[in-house]
Structure formats: C-alpha cells, structure tokens
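> I'm passing along data.cif; it holds mmCIF, C-alpha atoms.
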data_final
#
loop_
_atom_site.label_atom_id
_atom_site.label_comp_id
_atom_site.auth_asym_id
_atom_site.auth_seq_id
_atom_site.Cartn_x
_atom_site.Cartn_y
_atom_site.Cartn_z
CA MET G 74 0.00 0.00 0.00
CA LEU G 75 1.33 3.42 -1.00
CA LYS G 76 1.40 5.85 1.92
CA GLY G 77 2.55 9.38 2.63
CA SER G 78 2.99 12.49 0.53
CA ILE G 79 2.95 11.75 -3.18
CA VAL G 80 3.82 14.81 -5.25
CA ALA G 81 1.69 15.48 -8.33
CA LEU G 82 4.77 16.70 -10.15
CA ILE G 83 4.78 19.62 -12.56
CA THR G 84 6.36 19.15 -15.98
CA PRO G 85 9.11 21.75 -16.53
CA PHE G 86 9.34 23.31 -19.98
CA HIS G 87 11.99 25.18 -21.95
CA GLU G 88 11.16 28.60 -23.39
CA ASP G 89 10.13 26.93 -26.67
CA GLY G 90 7.64 24.74 -24.81
CA SER G 91 9.60 21.49 -25.04
CA VAL G 92 10.05 19.31 -21.96
CA ASN G 93 13.08 20.32 -19.89
CA PHE G 94 14.46 16.95 -18.87
CA GLU G 95 17.50 18.40 -17.14
CA LYS G 96 15.21 20.40 -14.86
CA LEU G 97 12.94 17.39 -14.39
CA GLY G 98 15.94 15.45 -13.13
CA GLU G 99 16.80 18.24 -10.69
CA LEU G 100 13.25 18.29 -9.34
CA LEU G 101 13.18 14.51 -8.89
CA GLU G 102 16.44 14.57 -6.93
CA TRP G 103 15.19 17.49 -4.81
CA HIS G 104 12.01 15.63 -3.93
CA ILE G 105 13.81 12.46 -2.97
CA ALA G 106 16.27 14.45 -0.83
CA ASN G 107 13.34 16.17 0.91
CA SER G 108 11.43 13.04 1.92
CA THR G 109 8.72 12.93 -0.76
CA ASP G 110 7.18 9.48 -0.41
CA GLY G 111 6.17 8.98 -4.04
CA ILE G 112 6.23 10.65 -7.45
CA LEU G 113 3.21 11.05 -9.73
CA VAL G 114 3.97 12.13 -13.29
CA LEU G 115 1.45 12.98 -16.02
CA GLY G 116 -1.25 14.05 -13.61
CA THR G 117 -3.34 17.20 -13.90
CA THR G 118 -0.46 19.22 -12.46
CA GLY G 119 1.89 17.73 -15.04
CA GLU G 120 -0.06 19.25 -17.97
CA SER G 121 -0.31 15.87 -19.68
CA THR G 122 -3.44 16.99 -21.54
CA THR G 123 -1.31 19.22 -23.79
CA MET G 124 1.56 16.77 -24.22
CA SER G 125 1.93 14.23 -27.02
CA HIS G 126 1.93 10.50 -26.36
CA GLU G 127 5.62 10.47 -27.27
CA GLU G 128 6.36 13.17 -24.69
CA ASP G 129 4.33 11.28 -22.08
CA ASP G 130 6.31 8.13 -22.73
CA ALA G 131 9.62 10.00 -22.53
CA VAL G 132 8.69 11.60 -19.18
CA VAL G 133 7.74 8.23 -17.68
CA GLU G 134 10.90 6.56 -19.00
CA PHE G 135 13.15 9.38 -17.76
CA THR G 136 11.47 9.46 -14.34
CA LEU G 137 11.81 5.72 -13.82
CA LYS G 138 15.48 5.79 -14.82
CA THR G 139 16.26 8.78 -12.59
CA VAL G 140 14.32 7.61 -9.53
CA ASN G 141 15.68 4.06 -9.89
CA HIS G 142 13.35 2.48 -7.31
CA ARG G 143 14.23 4.92 -4.52
CA VAL G 144 10.56 5.89 -4.14
CA PRO G 145 7.42 4.60 -5.88
CA VAL G 146 6.59 6.12 -9.27
CA ILE G 147 2.97 6.48 -10.39
CA ALA G 148 2.00 7.42 -13.95
CA GLY G 149 -1.23 9.08 -14.96
CA SER G 150 -2.54 6.92 -17.78
CA GLY G 151 -6.11 8.18 -17.87
CA SER G 152 -8.21 9.09 -20.88
CA ASN G 153 -11.87 9.68 -21.68
CA ASP G 154 -11.45 6.85 -24.20
CA THR G 155 -11.21 3.52 -22.38
CA LYS G 156 -9.24 1.93 -25.23
CA THR G 157 -6.62 4.68 -25.10
CA MET G 158 -6.43 4.43 -21.30
CA LEU G 159 -5.84 0.69 -21.58
CA GLU G 160 -3.10 1.13 -24.19
CA LYS G 161 -1.30 3.78 -22.10
CA SER G 162 -1.69 1.73 -18.92
CA LYS G 163 -0.20 -1.37 -20.56
CA LYS G 164 2.72 0.67 -21.89
CA TYR G 165 3.57 2.29 -18.55
CA ALA G 166 3.11 -0.99 -16.71
CA ALA G 167 5.61 -2.60 -19.07
CA MET G 168 8.02 0.29 -18.43
CA GLY G 169 7.96 -0.58 -14.73
CA VAL G 170 5.84 2.01 -12.92
CA ASP G 171 4.67 1.04 -9.45
CA ALA G 172 1.05 2.11 -9.97
CA LEU G 173 -1.27 3.89 -12.40
CA LEU G 174 -3.63 6.82 -11.80
CA VAL G 175 -6.78 6.45 -13.91
CA ILE G 176 -9.33 9.23 -14.29
CA THR G 177 -13.06 9.28 -14.88
CA PRO G 178 -14.12 9.75 -18.54
CA TYR G 179 -14.30 13.52 -19.06
CA TYR G 180 -16.56 15.27 -21.58
CA ASN G 181 -18.35 12.13 -22.78
CA LYS G 182 -18.90 11.12 -19.13
CA ALA G 183 -20.53 7.71 -18.54
CA ASN G 184 -23.50 6.00 -16.96
CA GLU G 185 -23.00 3.83 -13.87
CA GLU G 186 -22.14 0.58 -15.63
CA GLY G 187 -19.99 2.35 -18.21
CA MET G 188 -18.02 4.04 -15.42
CA ILE G 189 -17.38 0.71 -13.72
CA ARG G 190 -16.32 -0.95 -16.97
CA HIS G 191 -14.08 2.00 -17.84
CA PHE G 192 -11.93 1.14 -14.82
CA THR G 193 -12.31 -2.65 -14.71
CA THR G 194 -11.31 -2.97 -18.37
CA VAL G 195 -7.89 -1.65 -17.38
CA ALA G 196 -7.74 -3.38 -14.00
CA ASP G 197 -8.43 -6.74 -15.64
CA ASN G 198 -5.66 -6.33 -18.20
CA VAL G 199 -2.62 -4.80 -16.49
CA ASP G 200 -0.33 -6.24 -13.83
CA LYS G 201 0.11 -2.96 -11.92
CA PRO G 202 -2.25 -1.57 -9.25
CA LEU G 203 -4.69 1.20 -10.15
CA ILE G 204 -5.68 4.31 -8.20
CA LEU G 205 -9.01 5.81 -9.22
CA TYR G 206 -9.07 9.58 -9.73
CA ASN G 207 -12.27 11.38 -8.77
CA VAL G 208 -12.08 15.07 -9.70
CA PRO G 209 -15.52 16.21 -10.90
CA GLY G 210 -14.46 19.86 -11.06
CA ARG G 211 -12.20 18.86 -13.96
CA THR G 212 -14.17 16.11 -15.63
CA GLY G 213 -17.82 17.07 -15.17
CA CYS G 214 -18.62 13.70 -13.62
CA SER G 215 -18.02 11.80 -10.41
CA ILE G 216 -17.63 8.16 -9.46
CA SER G 217 -20.80 7.33 -7.54
CA VAL G 218 -20.41 5.93 -4.04
CA SER G 219 -22.04 2.69 -5.16
CA ALA G 220 -19.53 2.41 -8.02
CA VAL G 221 -16.64 2.99 -5.59
CA GLU G 222 -18.02 0.20 -3.40
CA LYS G 223 -17.96 -2.22 -6.35
CA LEU G 224 -14.59 -1.08 -7.68
CA SER G 225 -12.97 -1.25 -4.24
CA LYS G 226 -13.46 -5.02 -4.29
CA HIS G 227 -11.39 -5.47 -7.45
CA PRO G 228 -8.03 -6.99 -6.45
CA ASN G 229 -6.10 -4.69 -8.80
CA ILE G 230 -7.73 -1.41 -7.71
CA ILE G 231 -5.91 -0.26 -4.58
CA GLY G 232 -7.36 3.16 -3.87
CA ILE G 233 -8.93 6.44 -4.86
CA LYS G 234 -7.56 9.95 -5.16
CA GLU G 235 -10.51 11.90 -3.78
CA ALA G 236 -10.47 15.44 -5.17
CA SER G 237 -14.12 16.41 -5.14
CA GLY G 238 -13.72 18.71 -2.13
CA ASN G 239 -16.96 17.21 -0.82
CA ILE G 240 -16.34 15.94 2.71
CA SER G 241 -19.70 14.14 2.80
CA TYR G 242 -18.71 12.15 -0.28
CA ALA G 243 -15.34 11.38 1.30
CA VAL G 244 -17.02 10.12 4.48
CA SER G 245 -19.22 7.85 2.37
CA VAL G 246 -16.23 6.50 0.47
CA SER G 247 -14.31 5.96 3.72
CA ARG G 248 -16.65 3.06 4.51
CA TYR G 249 -14.79 1.03 1.87
CA VAL G 250 -11.28 1.89 3.03
CA ASN G 251 -9.43 -1.18 4.28
CA GLU G 252 -6.01 -2.81 4.02
CA ASN G 253 -6.60 -3.39 0.30
CA PHE G 254 -8.24 -0.10 -0.68
CA ALA G 255 -6.85 3.31 0.29
CA MET G 256 -8.10 6.86 0.05
CA TYR G 257 -5.72 9.73 -0.76
CA SER G 258 -6.55 13.39 -0.38
CA GLY G 259 -6.62 15.14 -3.73
CA ASN G 260 -7.12 18.52 -2.07
CA ASP G 261 -4.22 20.05 -0.13
CA ASP G 262 -6.57 22.00 2.14
CA MET G 263 -8.19 18.72 3.27
CA ILE G 264 -5.20 16.51 4.07
CA VAL G 265 -5.90 16.23 7.79
CA PRO G 266 -9.66 15.62 7.34
CA ILE G 267 -8.96 12.80 4.86
CA LEU G 268 -6.35 11.29 7.17
CA ALA G 269 -8.93 11.41 9.96
CA LEU G 270 -11.23 9.33 7.75
CA GLY G 271 -8.59 6.64 7.44
CA GLY G 272 -6.75 8.11 4.46
CA SER G 273 -3.30 6.90 3.48
CA GLY G 274 -1.88 10.28 2.51
CA VAL G 275 -2.10 12.94 -0.17
CA ILE G 276 -1.42 13.27 -3.88
CA SER G 277 -0.28 16.84 -3.61
CA VAL G 278 0.20 20.08 -5.53
CA PHE G 279 1.53 21.79 -2.38
CA ALA G 280 4.36 19.23 -2.20
CA ASN G 281 5.82 20.69 -5.40
CA THR G 282 7.09 23.67 -3.41
CA ASN G 283 7.11 22.18 0.10
CA PRO G 284 8.01 18.49 -0.15
CA LYS G 285 9.39 18.18 3.39
CA GLU G 286 6.42 19.94 4.99
CA ALA G 287 3.91 17.80 3.07
CA HIS G 288 5.77 14.66 4.13
CA ASP G 289 6.03 15.83 7.74
CA LEU G 290 2.31 16.61 7.91
CA VAL G 291 1.34 13.08 6.91
CA GLN G 292 4.11 11.38 8.87
CA ASN G 293 3.19 13.26 12.05
CA TRP G 294 -0.36 12.00 11.69
CA PHE G 295 0.78 8.40 11.27
CA ASP G 296 3.13 8.78 14.23
CA GLY G 297 0.24 9.83 16.44
CA ASN G 298 1.19 13.52 16.51
CA GLN G 299 -2.17 14.81 15.30
CA LYS G 300 -1.69 18.29 16.78
CA GLU G 301 1.59 18.73 14.90
CA ALA G 302 -0.03 17.54 11.65
CA LEU G 303 -2.90 19.98 12.09
CA ALA G 304 -0.46 22.80 12.88
CA ILE G 305 1.30 22.25 9.53
CA GLN G 306 -2.05 22.13 7.72
CA GLN G 307 -3.11 25.39 9.34
CA LYS G 308 0.23 27.15 8.84
CA TYR G 309 0.17 26.69 5.08
CA LEU G 310 -3.60 26.88 4.52
CA ASP G 311 -3.69 30.43 3.13
CA TYR G 312 -0.76 29.66 0.84
CA ILE G 313 -2.48 26.46 -0.32
CA HIS G 314 -5.58 28.48 -1.14
CA ALA G 315 -3.39 30.89 -3.12
CA LEU G 316 -2.06 27.94 -5.12
CA PHE G 317 -5.57 27.55 -6.47
CA CYS G 318 -6.51 31.19 -7.04
CA GLU G 319 -6.12 30.35 -10.73
CA VAL G 320 -6.38 27.00 -12.43
CA ASN G 321 -3.74 24.46 -11.40
CA PRO G 322 -0.81 24.28 -12.28
CA ILE G 323 -0.48 27.97 -13.16
CA PRO G 324 0.09 29.23 -9.58
CA VAL G 325 2.35 26.38 -8.45
CA LYS G 326 4.62 26.82 -11.46
CA GLU G 327 4.76 30.54 -10.73
CA ALA G 328 5.60 29.74 -7.10
CA LEU G 329 8.44 27.44 -8.16
CA ASN G 330 9.79 30.11 -10.47
CA GLN G 331 9.62 32.65 -7.62
CA MET G 332 11.70 30.17 -5.60
CA GLY G 333 14.33 30.16 -8.35
CA LYS G 334 13.55 26.67 -9.64
CA GLU G 335 13.19 27.93 -13.23
CA VAL G 336 10.58 25.40 -14.33
CA GLY G 337 9.39 27.45 -17.29
CA GLY G 338 5.94 28.41 -18.44
CA TYR G 339 2.82 26.72 -19.72
CA ARG G 340 1.23 25.36 -22.84
CA LEU G 341 -1.89 27.04 -24.13
CA PRO G 342 -4.67 27.27 -23.16
CA LEU G 343 -2.85 27.80 -19.84
CA TYR G 344 -1.15 31.18 -19.59
CA GLU G 345 0.67 33.40 -17.12
CA MET G 346 -1.09 34.55 -13.96
CA ALA G 347 -2.94 37.83 -13.78
CA GLU G 348 -0.79 40.40 -11.95
CA ASN G 349 -3.17 40.79 -9.01
CA ASN G 350 -3.21 37.02 -8.45
CA LYS G 351 0.56 36.81 -8.78
CA LYS G 352 0.94 39.54 -6.17
CA HIS G 353 -1.41 37.67 -3.83
CA LEU G 354 0.50 34.42 -4.32
CA ILE G 355 3.84 36.07 -3.56
CA GLU G 356 2.40 37.72 -0.44
CA GLU G 357 1.18 34.36 0.88
CA MET G 358 4.52 32.73 0.07
CA LYS G 359 6.25 35.40 2.16
CA LYS G 360 3.79 35.00 5.04
CA ALA G 361 4.38 31.24 5.01
CA GLY G 362 8.15 31.73 5.01
CA ILE G 363 8.62 30.16 1.57
CA LEU G 364 10.19 33.34 0.19
#
Is it possible to give me this structure as structure tokens?

Amino acid sequence: MLKGSIVALITPFHEDGSVNFEKLGELLEWHIANSTDGILVLGTTGESTTMSHEEDDAVVEFTLKTVNHRVPVIAGSGSNDTKTMLEKSKKYAAMGVDALLVITPYYNKANEEGMIRHFTTVADNVDKPLILYNVPGRTGCSISVSAVEKLSKHPNIIGIKEASGNISYAVSVSRYVNENFAMYSGNDDMIVPILALGGSGVISVFANTNPKEAHDLVQNWFDGNQKEALAIQQKYLDYIHALFCEVNPIPVKEALNQMGKEVGGYRLPLYEMAENNKKHLIEEMKKAGIL
C-alpha cells in the first residue's frame, strides 16, 4: 500500500515549450532528498493533456530511470477513451511504474455501468495496481459511491484519489477503506480531514514547493502527533488556497519560479497569472516563510 505524501509533479518546460528533462531530473532529486514518499507524473499538475503520447512516454521513462526504485513512481494513464487508457496503462506498466492513476471519462462522461467498466477494463488487463481519480471539477462527472463500493473489491484497484472537495462524499467512500483499498486526499486543504477518515496520505500540488512539509504533515499523523499535523495544515492553509486562485498548475509553477527553480511556463490554453493574483501568491509565500 502506498502511503505518505505523493507529489503530483509539474512538468518543466523550456522557453520553446519542449520538456526540460535536465530540470525534471533536478526536481526529482530534490524531492527524494526532501522526503517525498512517491512521485506522480502525467497528472493534472503535469499538464499531460497538452503533451503528445511520445512526450508522455519519454517523461515516464526518464522518471523511472532517474528515480531508480528509490521511491514509488505512479504514472497518470487516464483518458476519456477507455481503449486509449488501456493502451497507455499497458505501456507504462511494461516500463515498470509502481502504480497507475486512472481518471473518470471527461466530456463524454458515462453512466454507472460504463463508469465501472471504464476502470475494470484496465484493472483486468494490467499487472500494476490502479488508483481511481475522482475530480468532478475537472471532468464534469463523479464516481458514484455505489460504483466505488464495487470497484474497491477489485483486487487490482488499490485506492482512490478523492479530489471532489466534498467531505460528505469522502465520508461515504471511507466506509470502503481497508487494508486493500486506500483513500488519498486530492485537495491540499483537506489533508488532515482525509487522514482522519482513514486516508493513506495525499497526492499533492503543495508538495511541489514544500516536499518536506507535506511529508512531515502526513508522517506526524501516522506517528500519532495529530496536533503537529494539524499545525502544519493550518500554517500553510492560506498559501495552499493561493495555489488555487487560478487553475492548477499555473500558480504552483509561478511559485516554483519565484523560488528560483526555473521550471518554465505553460502550454496554451494555460497562460501566465494575472498580476493581481501573482501579487497575492507572492504575499502568501512570504507569510508562510517560503520566500
């Protein structure tokens, strides 16, 4: 079972928009040195939706080679087309990832049975564990609680990244959390609440800039130091909110650049932050002691 702070890693770009693999290597080493418990590439934060399949493959291959089994590597292999998701999942499984993050079908959505088959089609045909990704704010649809109940019983589905922001939904899903099915917070402002529901950690945007703090928050909780975990959550809460004052990953990439990480810009339709939002982000970074 994967536990701890798993960073939803940004993808650094050169000025011409190509993937900056040298910078990616620097970020991976920085995360490992600062106690990040796992690496997710090609998630929402990694801008995989505007990357080619060839670029996706290259990022996964480079990450696996660089990390070299020091921490688990998860690849986002999701698609709104089940066939494409299966093909990508098989490819990344063969490359040697430790797990796969698979998203709900966006835009075309699905009915209940279609949603279940979307995930089980992959789970039945790959030899790596799957983490469901529930993020209705992005996809326009959610995995129903009854579907989660059924999917949680599949031996190759090991958890759910819960990013709805709906605590009632999370409580309902927590009924199916056990030693074979985990729940991970997909919202950095709800790490402690999800841990309190039996969660196994967080798949985090915040960890991009604060890997040690994200790790320490979760580890304190597991060590029985709930007050210390809550104190970290509260200390960085306003900064975390600032990380989402514009669509992710625009603010977190700006934050990394403010820190001198030089991770580059974005691919359209993402674009640079509005000046008022950038000013707010920088102010919160200073208040939190990041700058």
> Emit as JSON the padded axis-aligned box for all listed atoms of segment 247-261 of chain G, 3 Å per side, with centre and edge lengths in Å to one decimal.

{"center_x": -10.4, "center_y": 8.3, "center_z": 0.4, "size_x": 18.4, "size_y": 29.4, "size_z": 14.2}
> Which residues are close to Ile204 of chain G, i.e. within 8 Å by only C-alpha atoms, leaving aside same-chain residues fewer than 3 positions away? Reply as a VMD selection string.
chain G and resid 172 to 175 230 to 234
> Nearest residue to Lys96 of chain G out of G:Asn253, G:Thr118, G:Ser225, G:Asn330, using all atoms listed in the file?
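That would be G:Asn330, the residue with the smallest distance to Lys96 of chain G.
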> Could you work out how far atom CA of Glu186 of chain G lies from atom CA of Thr212 of chain G, giving the answer in Å with one decimal?
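We find that atom CA of Thr212 of chain G and atom CA of Glu186 of chain G lie 17.5 Å from each other.
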> Applied to the shown file, which residues does the PyMOL selection byres ((chain G and resi 117) around 10) return, written as a list in words?
Ala81, Leu82, Ile83, Leu113, Val114, Leu115, Gly116, Thr118, Gly119, Glu120, Ser121, Thr122, Gly149, Ile176, Val208, Arg211, Val278, Asn321 and Pro322 of chain G
> Quick one: pull the distance between atom CA of Tyr312 of chain G and atom CA of Ala361 of chain G, Å, one decimal.
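These atoms are spaced 6.8 Å apart.
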> When distances are computed from only C-alpha atoms, which of G:Met74, G:Leu329, G:Val133, G:Met168 shows the smallest separation from Gly272 of chain G?
G:Met74
> Which is closer to Gly271 of chain G than all the others in G:Ala183, G:Thr139, G:Pro178, G:Lys76, using all atoms listed in the file?
G:Lys76
> So which residues get picked by the PyMOL selection byres ((chain G and resi 93) around 12) here, written as a PyMOL selection string?
chain G and resi 83-92+94-100+128+131-132+135+335-338
> Quick check, in Å to one decimal: how far apart do atom CA of Val250 of chain G and atom CA of Val275 of chain G lie?
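We find that atom CA of Val250 of chain G and atom CA of Val275 of chain G lie 14.7 Å from each other.
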> From the list G:Ala328, G:Ala315, G:Ile264, G:Val320, which residue is nearest Asn350 of chain G when using only C-alpha atoms?
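Ranked by minimum distance to Asn350 of chain G, first place goes to G:Ala315.
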> As a VMD selection string, please: the residues near Lys359 of chain G (cut-off 12 Å, only C-alpha atoms, same-chain neighbours under 5 positions excluded).
chain G and resid 309 311 to 312 315 328 331 to 332 352 to 354 364
> Give as JSON, numbers by chain the set of residues within 8 Å of the point (1.9, 16.1, -1.8), where distances use the file's coordinates and all atoms listed in the file.
{"G": [78, 79, 80, 81, 109, 261, 275, 276, 277, 278, 279, 280, 281, 284, 287, 288]}
> When the PyMOL selection byres ((chain G and resi 199) around 9) is applied to the file above, which residues end up in the set, as a list in words?
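Evaluating the PyMOL selection byres ((chain G and resi 199) around 9) on these coordinates yields Leu159, Ser162, Lys163, Ala166, Ala167, Val195, Ala196, Asp197, Asn198, Asp200, Lys201, Pro202, Leu203 and Asn229 of chain G.
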> I need the chosen residues saved as a PDB file, in the frame of the given file, with C-alpha atoms.

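Writing done, so here's out11.pdb:
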ATOM      1  CA  LEU G 159      -5.840   0.690 -21.580  1.00  0.00           C
ATOM      2  CA  SER G 162      -1.690   1.730 -18.920  1.00  0.00           C
ATOM      3  CA  LYS G 163      -0.200  -1.370 -20.560  1.00  0.00           C
ATOM      4  CA  ALA G 166       3.110  -0.990 -16.710  1.00  0.00           C
ATOM      5  CA  ALA G 167       5.610  -2.600 -19.070  1.00  0.00           C
ATOM      6  CA  VAL G 195      -7.890  -1.650 -17.380  1.00  0.00           C
ATOM      7  CA  ALA G 196      -7.740  -3.380 -14.000  1.00  0.00           C
ATOM      8  CA  ASP G 197      -8.430  -6.740 -15.640  1.00  0.00           C
ATOM      9  CA  ASN G 198      -5.660  -6.330 -18.200  1.00  0.00           C
ATOM     10  CA  ASP G 200      -0.330  -6.240 -13.830  1.00  0.00           C
ATOM     11  CA  LYS G 201       0.110  -2.960 -11.920  1.00  0.00           C
ATOM     12  CA  PRO G 202      -2.250  -1.570  -9.250  1.00  0.00           C
ATOM     13  CA  LEU G 203      -4.690   1.200 -10.150  1.00  0.00           C
ATOM     14  CA  ASN G 229      -6.100  -4.690  -8.800  1.00  0.00           C
TER      15      ASN G 229
END
> Could you tell me which of G:Tyr242, G:Tyr206, G:Phe254, G:Phe317 comes closest to Met188 of chain G if we count only C-alpha atoms?
G:Tyr206
> Which is closer to Gly169 of chain G than all the others in G:Glu127, G:Asp296, G:Glu134, G:Glu319, using all atoms listed in the file?
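Smallest distance to Gly169 of chain G is found for G:Glu134.
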> Which neighbours of Asp262 of chain G fall inside 8 Å, counting all atoms listed in the file, when residues of the same chain fewer than 5 positions from it are skipped, and could you give them as a VMD selection string?
chain G and resid 306 310 313 to 314
